[in-house]
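Data block for entry_19.pdb (PDB, C-alpha atoms):
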ATOM      1  CA  MET A 184     168.363 -17.818 195.752
ATOM      2  CA  ARG A 185     167.831 -14.169 194.853
ATOM      3  CA  ILE A 186     164.852 -13.099 192.746
ATOM      4  CA  GLY A 187     165.449  -9.447 191.910
ATOM      5  CA  SER A 188     165.322  -7.762 195.321
ATOM      6  CA  ILE A 189     163.790 -10.815 197.056
ATOM      7  CA  ASP A 190     165.997 -13.259 198.972
ATOM      8  CA  VAL A 191     164.964 -16.881 199.528
ATOM      9  CA  SER A 192     166.631 -19.351 201.914
ATOM     10  CA  GLU A 193     165.716 -22.966 202.537
ATOM     11  CA  VAL A 194     165.153 -23.863 206.199
ATOM     12  CA  ILE A 195     165.080 -27.646 206.474
ATOM     13  CA  ASP A 196     163.220 -28.906 209.525
ATOM     14  CA  ALA A 197     163.652 -32.659 208.953
ATOM     15  CA  THR A 198     164.567 -35.061 206.162
ATOM     16  CA  ALA A 199     163.422 -38.544 205.202
ATOM     17  CA  ILE A 200     165.472 -40.868 202.998
ATOM     18  CA  ILE A 201     162.981 -43.012 201.170
ATOM     19  CA  ASP A 202     162.624 -45.755 198.572
ATOM     20  CA  PRO A 203     160.916 -43.861 195.745
ATOM     21  CA  VAL A 204     159.537 -47.001 194.098
ATOM     22  CA  ALA A 205     157.733 -48.007 197.280
ATOM     23  CA  LEU A 206     156.381 -44.520 197.940
ATOM     24  CA  TRP A 207     155.133 -43.768 194.433
ATOM     25  CA  GLY A 208     154.000 -47.369 194.058
ATOM     26  CA  SER A 209     151.397 -46.713 196.717
ATOM     27  CA  ALA A 210     149.945 -43.903 194.573
ATOM     28  CA  ALA A 211     150.374 -45.202 191.031
ATOM     29  CA  GLY A 212     147.104 -45.397 189.131
ATOM     30  CA  ALA A 213     145.399 -42.612 191.064
ATOM     31  CA  GLY A 214     144.027 -40.047 188.659
ATOM     32  CA  GLY A 215     145.114 -42.169 185.712
ATOM     33  CA  ALA A 216     148.866 -41.583 186.213
ATOM     34  CA  THR A 217     150.931 -44.773 186.369
ATOM     35  CA  LYS A 218     154.668 -44.005 186.472
ATOM     36  CA  GLY A 219     156.893 -44.072 189.533
ATOM     37  CA  ALA A 220     156.057 -47.567 190.771
ATOM     38  CA  ARG A 221     158.876 -49.361 188.925
ATOM     39  CA  ALA A 222     162.654 -49.140 189.288
ATOM     40  CA  VAL A 223     162.959 -48.650 185.534
ATOM     41  CA  ASP A 224     160.916 -45.446 185.791
ATOM     42  CA  TRP A 225     163.447 -43.940 188.212
ATOM     43  CA  ALA A 226     166.518 -45.306 186.428
ATOM     44  CA  GLN A 227     166.002 -42.674 183.743
ATOM     45  CA  HIS A 228     166.422 -39.841 186.291
ATOM     46  CA  PRO A 229     169.642 -40.488 188.247
ATOM     47  CA  SER A 230     170.294 -36.778 188.883
ATOM     48  CA  LEU A 231     167.253 -36.696 191.164
ATOM     49  CA  LEU A 232     168.398 -39.596 193.354
ATOM     50  CA  ARG A 233     171.143 -40.367 195.842
ATOM     51  CA  GLU A 234     173.956 -42.693 194.784
ATOM     52  CA  ASP A 235     172.188 -45.551 196.572
ATOM     53  CA  GLY A 236     169.032 -45.003 194.489
ATOM     54  CA  ARG A 237     167.020 -43.581 197.345
ATOM     55  CA  LEU A 238     165.480 -40.110 197.457
ATOM     56  CA  ASP A 239     165.983 -37.278 199.926
ATOM     57  CA  MET A 240     162.655 -35.752 200.902
ATOM     58  CA  PRO A 241     162.975 -32.799 203.293
ATOM     59  CA  VAL A 242     160.253 -30.904 205.093
ATOM     60  CA  GLY A 243     160.636 -27.337 206.254
ATOM     61  CA  SER A 244     160.186 -23.718 205.221
ATOM     62  CA  PHE A 245     161.311 -21.226 202.670
ATOM     63  CA  LEU A 246     162.365 -17.996 204.363
ATOM     64  CA  VAL A 247     161.565 -15.073 202.072
ATOM     65  CA  ARG A 248     162.835 -11.530 202.636
ATOM     66  CA  SER A 249     160.843  -8.959 200.683
ATOM     67  CA  GLY A 250     161.150  -5.320 201.709
ATOM     68  CA  ASP A 251     160.153  -5.039 205.368
ATOM     69  CA  HIS A 252     158.535  -8.466 205.348
ATOM     70  CA  LEU A 253     160.165 -11.640 206.631
ATOM     71  CA  VAL A 254     157.964 -14.503 205.501
ATOM     72  CA  LEU A 255     157.965 -18.243 206.141
ATOM     73  CA  ILE A 256     156.370 -20.474 203.519
ATOM     74  CA  ASP A 257     155.133 -23.599 205.369
ATOM     75  CA  LEU A 258     156.303 -24.863 208.758
ATOM     76  CA  GLY A 259     157.547 -28.453 208.536
ATOM     77  CA  TYR A 260     156.602 -31.284 210.883
ATOM     78  CA  GLY A 261     157.377 -29.541 214.175
ATOM     79  CA  PRO A 262     159.567 -30.387 217.175
ATOM     80  CA  GLU A 263     158.732 -34.095 217.146
ATOM     81  CA  PRO A 264     158.782 -35.424 213.562
ATOM     82  CA  PRO A 265     157.473 -38.939 212.921
ATOM     83  CA  ALA A 266     159.709 -41.987 213.113
ATOM     84  CA  GLY A 267     162.002 -42.186 210.093
ATOM     85  CA  LEU A 268     162.668 -38.452 209.907
ATOM     86  CA  SER A 269     165.699 -36.887 211.512
ATOM     87  CA  GLY A 270     165.291 -33.267 212.519
ATOM     88  CA  GLY A 271     162.737 -31.048 214.184
ATOM     89  CA  ARG A 272     165.242 -28.215 213.797
ATOM     90  CA  LEU A 273     163.363 -25.388 212.108
ATOM     91  CA  LEU A 274     163.783 -22.907 214.962
ATOM     92  CA  ALA A 275     167.459 -23.802 215.343
ATOM     93  CA  LYS A 276     168.028 -23.349 211.611
ATOM     94  CA  LEU A 277     166.321 -19.961 211.711
ATOM     95  CA  GLY A 278     168.598 -19.016 214.584
ATOM     96  CA  GLU A 279     171.614 -19.896 212.458
ATOM     97  CA  LEU A 280     170.299 -17.368 209.927
ATOM     98  CA  GLY A 281     169.967 -14.744 212.645
ATOM     99  CA  VAL A 282     166.159 -14.931 212.716
ATOM    100  CA  ARG A 283     164.094 -15.139 215.915
ATOM    101  CA  PRO A 284     160.425 -16.211 216.029
ATOM    102  CA  GLY A 285     159.373 -12.644 216.812
ATOM    103  CA  ASP A 286     161.045 -11.376 213.630
ATOM    104  CA  ILE A 287     158.643 -13.235 211.323
ATOM    105  CA  THR A 288     155.991 -10.905 209.884
ATOM    106  CA  ASP A 289     154.001 -13.469 207.877
ATOM    107  CA  VAL A 290     153.509 -17.221 207.626
ATOM    108  CA  VAL A 291     152.060 -18.600 204.386
ATOM    109  CA  PHE A 292     150.606 -22.102 204.230
ATOM    110  CA  SER A 293     150.603 -23.725 200.797
ATOM    111  CA  HIS A 294     148.156 -26.197 202.370
ATOM    112  CA  LEU A 295     147.431 -27.637 205.791
ATOM    113  CA  HIS A 296     148.837 -31.160 205.772
ATOM    114  CA  PRO A 297     150.669 -32.053 209.018
ATOM    115  CA  ASP A 298     154.141 -31.793 207.456
ATOM    116  CA  HIS A 299     153.461 -28.147 206.556
ATOM    117  CA  VAL A 300     151.974 -26.845 209.815
ATOM    118  CA  GLY A 301     154.029 -28.562 212.527
ATOM    119  CA  TRP A 302     155.501 -25.407 214.051
ATOM    120  CA  ALA A 303     152.263 -23.395 213.922
ATOM    121  CA  SER A 304     151.862 -23.421 217.695
ATOM    122  CA  ARG A 305     153.292 -24.994 220.814
ATOM    123  CA  ALA A 306     151.241 -25.703 223.933
ATOM    124  CA  GLY A 307     148.395 -23.638 222.491
ATOM    125  CA  VAL A 308     150.530 -20.555 221.772
ATOM    126  CA  ALA A 309     151.520 -19.309 218.315
ATOM    127  CA  THR A 310     155.195 -20.070 217.638
ATOM    128  CA  PHE A 311     155.616 -16.848 215.645
ATOM    129  CA  PRO A 312     153.835 -14.382 217.918
ATOM    130  CA  PHE A 313     153.706 -11.283 215.709
ATOM    131  CA  ALA A 314     153.059 -12.940 212.356
ATOM    132  CA  THR A 315     150.007 -12.679 210.145
ATOM    133  CA  TYR A 316     149.079 -16.146 208.864
ATOM    134  CA  HIS A 317     147.689 -16.891 205.405
ATOM    135  CA  CYS A 318     145.803 -19.943 204.141
ATOM    136  CA  HIS A 319     143.073 -20.721 201.655
ATOM    137  CA  ALA A 320     139.559 -20.720 203.117
ATOM    138  CA  GLU A 321     138.789 -24.159 201.676
ATOM    139  CA  ASP A 322     141.726 -25.728 203.502
ATOM    140  CA  TRP A 323     140.784 -24.031 206.764
ATOM    141  CA  SER A 324     137.281 -25.448 206.424
ATOM    142  CA  HIS A 325     138.546 -28.935 205.546
ATOM    143  CA  PHE A 326     141.297 -29.263 208.150
ATOM    144  CA  VAL A 327     140.169 -27.053 211.026
ATOM    145  CA  THR A 328     136.401 -26.530 210.923
ATOM    146  CA  ASP A 329     135.752 -30.110 209.817
ATOM    147  CA  SER A 330     138.840 -31.516 211.618
ATOM    148  CA  ALA A 331     139.527 -33.942 208.784
ATOM    149  CA  VAL A 332     143.069 -34.647 210.050
ATOM    150  CA  PRO A 333     143.511 -35.332 213.781
ATOM    151  CA  GLY A 334     145.892 -32.924 215.472
ATOM    152  CA  VAL A 335     145.925 -30.295 212.735
ATOM    153  CA  ALA A 336     142.990 -28.349 214.165
ATOM    154  CA  ALA A 337     144.663 -28.240 217.575
ATOM    155  CA  LEU A 338     147.843 -26.806 216.054
ATOM    156  CA  LEU A 339     146.043 -24.192 213.994
ATOM    157  CA  SER A 340     143.187 -23.051 216.222
ATOM    158  CA  PRO A 341     145.471 -20.765 218.292
ATOM    159  CA  LEU A 342     146.132 -18.802 215.069
ATOM    160  CA  ALA A 343     142.481 -18.155 214.234
ATOM    161  CA  ASP A 344     142.468 -14.483 215.206
ATOM    162  CA  ARG A 345     145.627 -13.825 213.146
ATOM    163  CA  MET A 346     144.612 -15.839 210.076
ATOM    164  CA  GLU A 347     143.933 -14.201 206.710
ATOM    165  CA  MET A 348     141.815 -16.634 204.737
ATOM    166  CA  TRP A 349     141.560 -16.116 201.017
ATOM    167  CA  THR A 350     140.052 -17.515 197.830
ATOM    168  CA  GLY A 351     141.096 -17.178 194.198
ATOM    169  CA  ALA A 352     144.371 -15.261 194.467
ATOM    170  CA  HIS A 353     146.007 -13.414 197.341
ATOM    171  CA  ARG A 354     148.988 -11.119 197.926
ATOM    172  CA  ALA A 355     150.642 -12.018 201.232
ATOM    173  CA  ALA A 356     153.416  -9.393 201.001
ATOM    174  CA  PRO A 357     155.088  -7.292 198.293
ATOM    175  CA  GLY A 358     156.151  -9.643 195.503
ATOM    176  CA  ILE A 359     154.653 -12.695 197.237
ATOM    177  CA  ASP A 360     151.422 -13.910 195.634
ATOM    178  CA  LEU A 361     149.392 -17.045 196.281
ATOM    179  CA  VAL A 362     147.481 -18.834 193.539
ATOM    180  CA  ALA A 363     144.867 -21.492 194.221
ATOM    181  CA  ALA A 364     145.695 -24.913 192.768
ATOM    182  CA  PRO A 365     143.218 -27.392 194.291
ATOM    183  CA  GLY A 366     143.558 -31.141 194.012
ATOM    184  CA  HIS A 367     146.250 -32.104 196.477
ATOM    185  CA  THR A 368     143.977 -30.540 199.103
ATOM    186  CA  PRO A 369     140.780 -28.507 198.604
ATOM    187  CA  GLY A 370     142.640 -25.220 199.123
ATOM    188  CA  ASN A 371     146.089 -26.169 197.884
ATOM    189  CA  ALA A 372     148.135 -23.249 196.537
ATOM    190  CA  TYR A 373     151.482 -22.280 195.090
ATOM    191  CA  VAL A 374     153.503 -19.124 195.678
ATOM    192  CA  VAL A 375     154.803 -16.777 192.997
ATOM    193  CA  LEU A 376     157.739 -14.558 193.896
ATOM    194  CA  SER A 377     158.210 -11.648 191.524
ATOM    195  CA  SER A 378     160.625  -8.736 191.423
ATOM    196  CA  GLY A 379     161.149  -6.726 188.255
ATOM    197  CA  SER A 380     161.242  -9.200 185.371
ATOM    198  CA  GLU A 381     162.320 -12.149 187.540
ATOM    199  CA  ARG A 382     160.017 -14.842 188.896
ATOM    200  CA  ALA A 383     160.241 -17.923 191.060
ATOM    201  CA  PHE A 384     157.580 -20.470 191.933
ATOM    202  CA  LEU A 385     157.343 -22.295 195.252
ATOM    203  CA  LEU A 386     155.181 -25.235 194.263
ATOM    204  CA  GLY A 387     154.350 -26.696 197.658
ATOM    205  CA  ASP A 388     153.006 -30.225 197.139
ATOM    206  CA  ILE A 389     151.699 -29.782 193.610
ATOM    207  CA  VAL A 390     154.734 -31.968 192.934
ATOM    208  CA  HIS A 391     156.897 -33.873 195.420
ATOM    209  CA  CYS A 392     159.799 -34.454 193.036
ATOM    210  CA  PRO A 393     160.853 -32.639 189.829
ATOM    211  CA  VAL A 394     160.152 -35.796 187.823
ATOM    212  CA  GLU A 395     156.426 -35.055 188.163
ATOM    213  CA  LEU A 396     156.993 -31.910 186.089
ATOM    214  CA  ILE A 397     158.926 -33.790 183.412
ATOM    215  CA  ASP A 398     156.415 -36.535 182.699
ATOM    216  CA  ASP A 399     152.629 -36.072 182.617
ATOM    217  CA  ASP A 400     152.102 -39.762 183.439
ATOM    218  CA  TRP A 401     153.975 -39.620 186.744
ATOM    219  CA  ALA A 402     151.790 -40.326 189.759
ATOM    220  CA  GLY A 403     151.237 -37.762 192.500
ATOM    221  CA  LEU A 404     151.244 -38.357 196.253
ATOM    222  CA  GLY A 405     148.529 -37.901 198.850
ATOM    223  CA  ASP A 406     146.042 -36.078 196.614
ATOM    224  CA  VAL A 407     142.504 -35.693 197.894
ATOM    225  CA  ASP A 408     141.330 -35.395 194.263
ATOM    226  CA  PRO A 409     143.917 -37.201 192.090
ATOM    227  CA  VAL A 410     142.261 -36.313 188.779
ATOM    228  CA  LEU A 411     142.139 -32.591 189.546
ATOM    229  CA  ALA A 412     145.658 -32.649 191.038
ATOM    230  CA  ARG A 413     147.055 -34.235 187.883
ATOM    231  CA  THR A 414     145.274 -31.656 185.721
ATOM    232  CA  VAL A 415     146.839 -28.867 187.785
ATOM    233  CA  ARG A 416     150.324 -30.430 187.549
ATOM    234  CA  VAL A 417     150.180 -30.905 183.796
ATOM    235  CA  LYS A 418     148.820 -27.419 183.144
ATOM    236  CA  LEU A 419     151.442 -25.757 185.314
ATOM    237  CA  ALA A 420     154.303 -27.769 183.812
ATOM    238  CA  ARG A 421     153.276 -26.770 180.311
ATOM    239  CA  GLU A 422     153.077 -23.116 181.346
ATOM    240  CA  LEU A 423     156.499 -23.127 183.014
ATOM    241  CA  GLU A 424     158.589 -25.225 180.646
ATOM    242  CA  GLY A 425     161.183 -23.259 178.733
ATOM    243  CA  THR A 426     160.739 -20.110 180.831
ATOM    244  CA  ASP A 427     163.400 -18.449 182.973
ATOM    245  CA  ALA A 428     161.378 -19.070 186.135
ATOM    246  CA  GLN A 429     163.131 -20.745 189.049
ATOM    247  CA  LEU A 430     161.102 -23.586 190.567
ATOM    248  CA  ALA A 431     161.250 -25.342 193.918
ATOM    249  CA  GLY A 432     158.977 -27.808 195.670
ATOM    250  CA  ALA A 433     158.546 -28.235 199.388
ATOM    251  CA  HIS A 434     160.082 -31.732 199.252
ATOM    252  CA  PHE A 435     162.671 -31.393 196.479
ATOM    253  CA  PRO A 436     166.104 -32.732 197.557
ATOM    254  CA  GLY A 437     167.773 -30.003 199.586
ATOM    255  CA  MET A 438     164.742 -27.804 198.840
ATOM    256  CA  ARG A 439     166.804 -26.721 195.826
ATOM    257  CA  PHE A 440     165.665 -24.669 192.863
ATOM    258  CA  GLY A 441     165.834 -25.670 189.230
ATOM    259  CA  ARG A 442     164.422 -24.936 185.802
ATOM    260  CA  LEU A 443     162.076 -26.925 183.594
ATOM    261  CA  LEU A 444     163.585 -27.138 180.125
ATOM    262  CA  THR A 445     161.869 -27.838 176.816
ATOM    263  CA  GLY A 446     163.167 -30.558 174.533
ATOM    264  CA  GLU A 447     161.975 -32.204 171.350
ATOM    265  CA  GLY A 448     158.761 -33.838 172.477
ATOM    266  CA  SER A 449     159.788 -33.941 176.135
ATOM    267  CA  ARG A 450     160.784 -31.830 179.106
ATOM    268  CA  SER A 451     163.875 -32.067 181.294
ATOM    269  CA  TRP A 452     165.019 -30.739 184.641
ATOM    270  CA  ARG A 453     168.176 -28.804 185.461
ATOM    271  CA  TRP A 454     169.220 -27.921 188.998
ATOM    272  CA  THR A 455     170.193 -24.284 189.467
TER     273      THR A 455
END
Show me this structure written as structure tokens.
Amino acid sequence: MRIGSIDVSEVIDATAIIDPVALWGSAAGAGGATKGARAVDWAQHPSLLREDGRLDMPVGSFLVRSGDHLVLIDLGYGPEPPAGLSGGRLLAKLGELGVRPGDITDVVFSHLHPDHVGWASRAGVATFPFATYHCHAEDWSHFVTDSAVPGVAALLSPLADRMEMWTGAHRAAPGIDLVAAPGHTPGNAYVVLSSGSERAFLLGDIVHCPVELIDDDWAGLGDVDPVLARTVRVKLARELEGTDAQLAGAHFPGMRFGRLLTGEGSRSWRWT
């Protein structure tokens, strides 16, 4: 994807093939959203699913080239993904793009869940040795200072002296801005890429599948505050529908981009 003078490439670390009814069924009802727990809910959205009715859910990074900056947005699960995911190939995929760890100037974390920080460090050493790292201060407090998730603090602590913590809004590099969107985690954020009149949004885990942008009643996944997370999703969907903005989520099939279209009384999704 090219946004004006900014280039974006997906770098898939690992992929799970899941039963969407089972996964969203575990979250349905949280925050008042109910859809996703029944096969009939998904039957209306065949373009989002595989032919067998299952859903591809990758983890990985977006590699963003903006001027002199080479930026990774999130870092996948790491070299040893959990059972059920094939991969652990982020560094190999970067190599296929001609990128070495030392080339990365910045790493941006949309939030600090384990499937977004897995390549942060190895054996206590930062994987991307010359990068500046960016995360929201509330997430650093929740996941590192308070160690709410075992293992995350150990991965991230080696980055402490290179971490830029922020609140409110933050520019990580030219044309790469972070906006706080709490709910999924205390310091959850999305990324806005802008160049000239063109914009793209990297939504992180505000949504895990485009269907959550189409329907306000669709349940979210893994939200620390489901009510606030749903409010953020609905507000953002209403702001983005019918615009020319390109949208991608961290777990969209193939990490592909699409657009949120406006219809009569409803929204729809179109892959780019």
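Separating atom CA of Asp329 of chain A from atom CA of Ala372 of chain A is a distance of 19.4 Å.
Minimum distance to Ile397 of chain A across A:Pro436, A:Gly370, A:Pro312, A:Gly425 (counting only C-alpha atoms) occurs at A:Gly425.
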(request) Could you please determine the separation between atom CA of Ala303 of chain A and atom CA of Ala336 of chain A in Å, to one decimal place? (result) 10.5 Å
(message) Please determine, counting all atoms listed in the file, which residue among A:Val308, A:Ala266, A:Ile256, A:Leu361 has the shortest atom-to-atom distance to Asp289 of chain A.
(response)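 Closest candidate: A:Ile256.
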(message) Take the PyMOL selection byres ((chain A and resi 377) around 9), run it mentally on this structure, and tell me the resulting residues as an MDAnalysis selection string.
(response) chainID A and resid 186:189 357:360 375:376 378:384
Could you dump the residues just selected with C-alpha atoms as a JSON list (two decimals), keeping the file's coordinate frame?
[["chain", "number", "residue", "atom", "x", "y", "z"],
["A", 186, "ILE", "CA", 164.85, -13.10, 192.75],
["A", 187, "GLY", "CA", 165.45, -9.45, 191.91],
["A", 188, "SER", "CA", 165.32, -7.76, 195.32],
["A", 189, "ILE", "CA", 163.79, -10.82, 197.06],
["A", 357, "PRO", "CA", 155.09, -7.29, 198.29],
["A", 358, "GLY", "CA", 156.15, -9.64, 195.50],
["A", 359, "ILE", "CA", 154.65, -12.70, 197.24],
["A", 360, "ASP", "CA", 151.42, -13.91, 195.63],
["A", 375, "VAL", "CA", 154.80, -16.78, 193.00],
["A", 376, "LEU", "CA", 157.74, -14.56, 193.90],
["A", 378, "SER", "CA", 160.62, -8.74, 191.42],
["A", 379, "GLY", "CA", 161.15, -6.73, 188.26],
["A", 380, "SER", "CA", 161.24, -9.20, 185.37],
["A", 381, "GLU", "CA", 162.32, -12.15, 187.54],
["A", 382, "ARG", "CA", 160.02, -14.84, 188.90],
["A", 383, "ALA", "CA", 160.24, -17.92, 191.06],
["A", 384, "PHE", "CA", 157.58, -20.47, 191.93]]
(message) Between atom CA of Thr198 of chain A and atom CA of Glu263 of chain A, what distance in Å does the model show, to one decimal?
(response)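 Separation of atom CA of Thr198 of chain A and atom CA of Glu263 of chain A: 12.5 Å.
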(message) Please determine, counting all atoms listed in the file, which residue among A:Val194, A:Ala216, A:Ala199, A:Ala275 has the shortest atom-to-atom distance to Pro262 of chain A.
(response) A:Ala275
(request) Measuring atom to atom with only C-alpha atoms, identify which of A:Thr328, A:Thr217, A:Ser192, A:Ser249 is nearest to Lys276 of chain A. (result)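 Residue with the minimum atom-to-atom distance to Lys276 of chain A: A:Ser192.
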(message) I'd like the residues picked by the PyMOL selection byres ((chain A and resi 411-418) around 12) written out as a ChimeraX atom specification, using the chain letters and numbers from the file.
(response) /A:211-217,362-373,386-410,419-424,450
Writer output for current selection, C-alpha atoms, as a PDB file, in the frame of the given file:
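Wrote out12.pdb, looks like this:
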ATOM      1  CA  ALA A 211     150.374 -45.202 191.031  1.00  0.00           C
ATOM      2  CA  GLY A 212     147.104 -45.397 189.131  1.00  0.00           C
ATOM      3  CA  ALA A 213     145.399 -42.612 191.064  1.00  0.00           C
ATOM      4  CA  GLY A 214     144.027 -40.047 188.659  1.00  0.00           C
ATOM      5  CA  GLY A 215     145.114 -42.169 185.712  1.00  0.00           C
ATOM      6  CA  ALA A 216     148.866 -41.583 186.213  1.00  0.00           C
ATOM      7  CA  THR A 217     150.931 -44.773 186.369  1.00  0.00           C
ATOM      8  CA  VAL A 362     147.481 -18.834 193.539  1.00  0.00           C
ATOM      9  CA  ALA A 363     144.867 -21.492 194.221  1.00  0.00           C
ATOM     10  CA  ALA A 364     145.695 -24.913 192.768  1.00  0.00           C
ATOM     11  CA  PRO A 365     143.218 -27.392 194.291  1.00  0.00           C
ATOM     12  CA  GLY A 366     143.558 -31.141 194.012  1.00  0.00           C
ATOM     13  CA  HIS A 367     146.250 -32.104 196.477  1.00  0.00           C
ATOM     14  CA  THR A 368     143.977 -30.540 199.103  1.00  0.00           C
ATOM     15  CA  PRO A 369     140.780 -28.507 198.604  1.00  0.00           C
ATOM     16  CA  GLY A 370     142.640 -25.220 199.123  1.00  0.00           C
ATOM     17  CA  ASN A 371     146.089 -26.169 197.884  1.00  0.00           C
ATOM     18  CA  ALA A 372     148.135 -23.249 196.537  1.00  0.00           C
ATOM     19  CA  TYR A 373     151.482 -22.280 195.090  1.00  0.00           C
ATOM     20  CA  LEU A 386     155.181 -25.235 194.263  1.00  0.00           C
ATOM     21  CA  GLY A 387     154.350 -26.696 197.658  1.00  0.00           C
ATOM     22  CA  ASP A 388     153.006 -30.225 197.139  1.00  0.00           C
ATOM     23  CA  ILE A 389     151.699 -29.782 193.610  1.00  0.00           C
ATOM     24  CA  VAL A 390     154.734 -31.968 192.934  1.00  0.00           C
ATOM     25  CA  HIS A 391     156.897 -33.873 195.420  1.00  0.00           C
ATOM     26  CA  CYS A 392     159.799 -34.454 193.036  1.00  0.00           C
ATOM     27  CA  PRO A 393     160.853 -32.639 189.829  1.00  0.00           C
ATOM     28  CA  VAL A 394     160.152 -35.796 187.823  1.00  0.00           C
ATOM     29  CA  GLU A 395     156.426 -35.055 188.163  1.00  0.00           C
ATOM     30  CA  LEU A 396     156.993 -31.910 186.089  1.00  0.00           C
ATOM     31  CA  ILE A 397     158.926 -33.790 183.412  1.00  0.00           C
ATOM     32  CA  ASP A 398     156.415 -36.535 182.699  1.00  0.00           C
ATOM     33  CA  ASP A 399     152.629 -36.072 182.617  1.00  0.00           C
ATOM     34  CA  ASP A 400     152.102 -39.762 183.439  1.00  0.00           C
ATOM     35  CA  TRP A 401     153.975 -39.620 186.744  1.00  0.00           C
ATOM     36  CA  ALA A 402     151.790 -40.326 189.759  1.00  0.00           C
ATOM     37  CA  GLY A 403     151.237 -37.762 192.500  1.00  0.00           C
ATOM     38  CA  LEU A 404     151.244 -38.357 196.253  1.00  0.00           C
ATOM     39  CA  GLY A 405     148.529 -37.901 198.850  1.00  0.00           C
ATOM     40  CA  ASP A 406     146.042 -36.078 196.614  1.00  0.00           C
ATOM     41  CA  VAL A 407     142.504 -35.693 197.894  1.00  0.00           C
ATOM     42  CA  ASP A 408     141.330 -35.395 194.263  1.00  0.00           C
ATOM     43  CA  PRO A 409     143.917 -37.201 192.090  1.00  0.00           C
ATOM     44  CA  VAL A 410     142.261 -36.313 188.779  1.00  0.00           C
ATOM     45  CA  LEU A 419     151.442 -25.757 185.314  1.00  0.00           C
ATOM     46  CA  ALA A 420     154.303 -27.769 183.812  1.00  0.00           C
ATOM     47  CA  ARG A 421     153.276 -26.770 180.311  1.00  0.00           C
ATOM     48  CA  GLU A 422     153.077 -23.116 181.346  1.00  0.00           C
ATOM     49  CA  LEU A 423     156.499 -23.127 183.014  1.00  0.00           C
ATOM     50  CA  GLU A 424     158.589 -25.225 180.646  1.00  0.00           C
ATOM     51  CA  ARG A 450     160.784 -31.830 179.106  1.00  0.00           C
TER      52      ARG A 450
END
(request) Run the PyMOL selection byres ((chain A and resi 277) around 10) against the file shown and list the residues it catches, as a list of chain:residue names. (result)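 Applying the expression gives A:Ser192, A:Glu193, A:Val194, A:Ile195, A:Asp196, A:Ser244, A:Leu246, A:Arg272, A:Leu273, A:Leu274, A:Ala275, A:Lys276, A:Gly278, A:Glu279, A:Leu280, A:Gly281, A:Val282, A:Arg283, A:Pro284.
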(message) Give me, as a PyMOL selection string, all polymer residues having an atom no more than 8 Å from Val327 of chain A, counting only C-alpha atoms and skipping those fewer than 5 positions away in the same chain.
(response) chain A and resi 322+335-336+339-340
(request) Kindly indicate which residue among A:Phe313, A:Ala220, A:Leu385, A:Arg185 lies nearest to Gly285 of chain A, using all atoms listed in the file for the distances. (result) A:Phe313
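For segment 226-241 of chain A, the set of protein, DNA and RNA residues having any atom at most 7 Å away, when counting all atoms listed in the file and skipping those fewer than 2 positions along the same chain, is Ile195, Ala197, Thr198, Ala199, Ile200, Ile201, Asp202, Pro203, Ala222, Val223, Asp224, Gly243, His434, Phe435, Pro436, Gly437 and Met438 of chain A.
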(request) Could you give me, as a PyMOL selection string, the residues that sit within 9 Å of (141.3, -21.7, 205.9) in the file's coordinates, counting only C-alpha atoms? (result) chain A and resi 294-295+317-328+346-349+370
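Using all atoms listed in the file for every distance, the candidate list A:Ala356, A:Arg442, A:Leu255, A:Leu268 yields A:Leu255 as the residue closest to Phe311 of chain A.
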Would you kindly place N, CA and C atoms on segment 222-231 of chain A and return the model as a PDB file, keeping the file's coordinate frame?
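Full text of out.pdb as output:
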ATOM      1  N   ALA A 222     161.269 -49.611 189.248  1.00  0.00           N
ATOM      2  CA  ALA A 222     162.654 -49.140 189.288  1.00  0.00           C
ATOM      3  C   ALA A 222     163.081 -48.566 187.951  1.00  0.00           C
ATOM      4  N   VAL A 223     162.569 -49.133 186.859  1.00  0.00           N
ATOM      5  CA  VAL A 223     162.959 -48.650 185.534  1.00  0.00           C
ATOM      6  C   VAL A 223     162.492 -47.214 185.308  1.00  0.00           C
ATOM      7  N   ASP A 224     161.387 -46.827 185.918  1.00  0.00           N
ATOM      8  CA  ASP A 224     160.916 -45.446 185.791  1.00  0.00           C
ATOM      9  C   ASP A 224     161.953 -44.478 186.358  1.00  0.00           C
ATOM     10  N   TRP A 225     162.493 -44.817 187.530  1.00  0.00           N
ATOM     11  CA  TRP A 225     163.447 -43.940 188.212  1.00  0.00           C
ATOM     12  C   TRP A 225     164.837 -44.013 187.613  1.00  0.00           C
ATOM     13  N   ALA A 226     165.175 -45.143 186.986  1.00  0.00           N
ATOM     14  CA  ALA A 226     166.518 -45.306 186.428  1.00  0.00           C
ATOM     15  C   ALA A 226     166.830 -44.266 185.358  1.00  0.00           C
ATOM     16  N   GLN A 227     165.802 -43.690 184.777  1.00  0.00           N
ATOM     17  CA  GLN A 227     166.002 -42.674 183.743  1.00  0.00           C
ATOM     18  C   GLN A 227     166.292 -41.293 184.314  1.00  0.00           C
ATOM     19  N   HIS A 228     166.276 -41.156 185.661  1.00  0.00           N
ATOM     20  CA  HIS A 228     166.422 -39.841 186.291  1.00  0.00           C
ATOM     21  C   HIS A 228     167.434 -39.893 187.436  1.00  0.00           C
ATOM     22  N   PRO A 229     168.666 -40.323 187.167  1.00  0.00           N
ATOM     23  CA  PRO A 229     169.642 -40.488 188.247  1.00  0.00           C
ATOM     24  C   PRO A 229     170.017 -39.179 188.943  1.00  0.00           C
ATOM     25  N   SER A 230     169.895 -38.052 188.267  1.00  0.00           N
ATOM     26  CA  SER A 230     170.294 -36.778 188.883  1.00  0.00           C
ATOM     27  C   SER A 230     169.365 -36.375 190.017  1.00  0.00           C
ATOM     28  N   LEU A 231     168.204 -37.023 190.110  1.00  0.00           N
ATOM     29  CA  LEU A 231     167.253 -36.696 191.164  1.00  0.00           C
ATOM     30  C   LEU A 231     167.427 -37.561 192.408  1.00  0.00           C
TER      31      LEU A 231
END
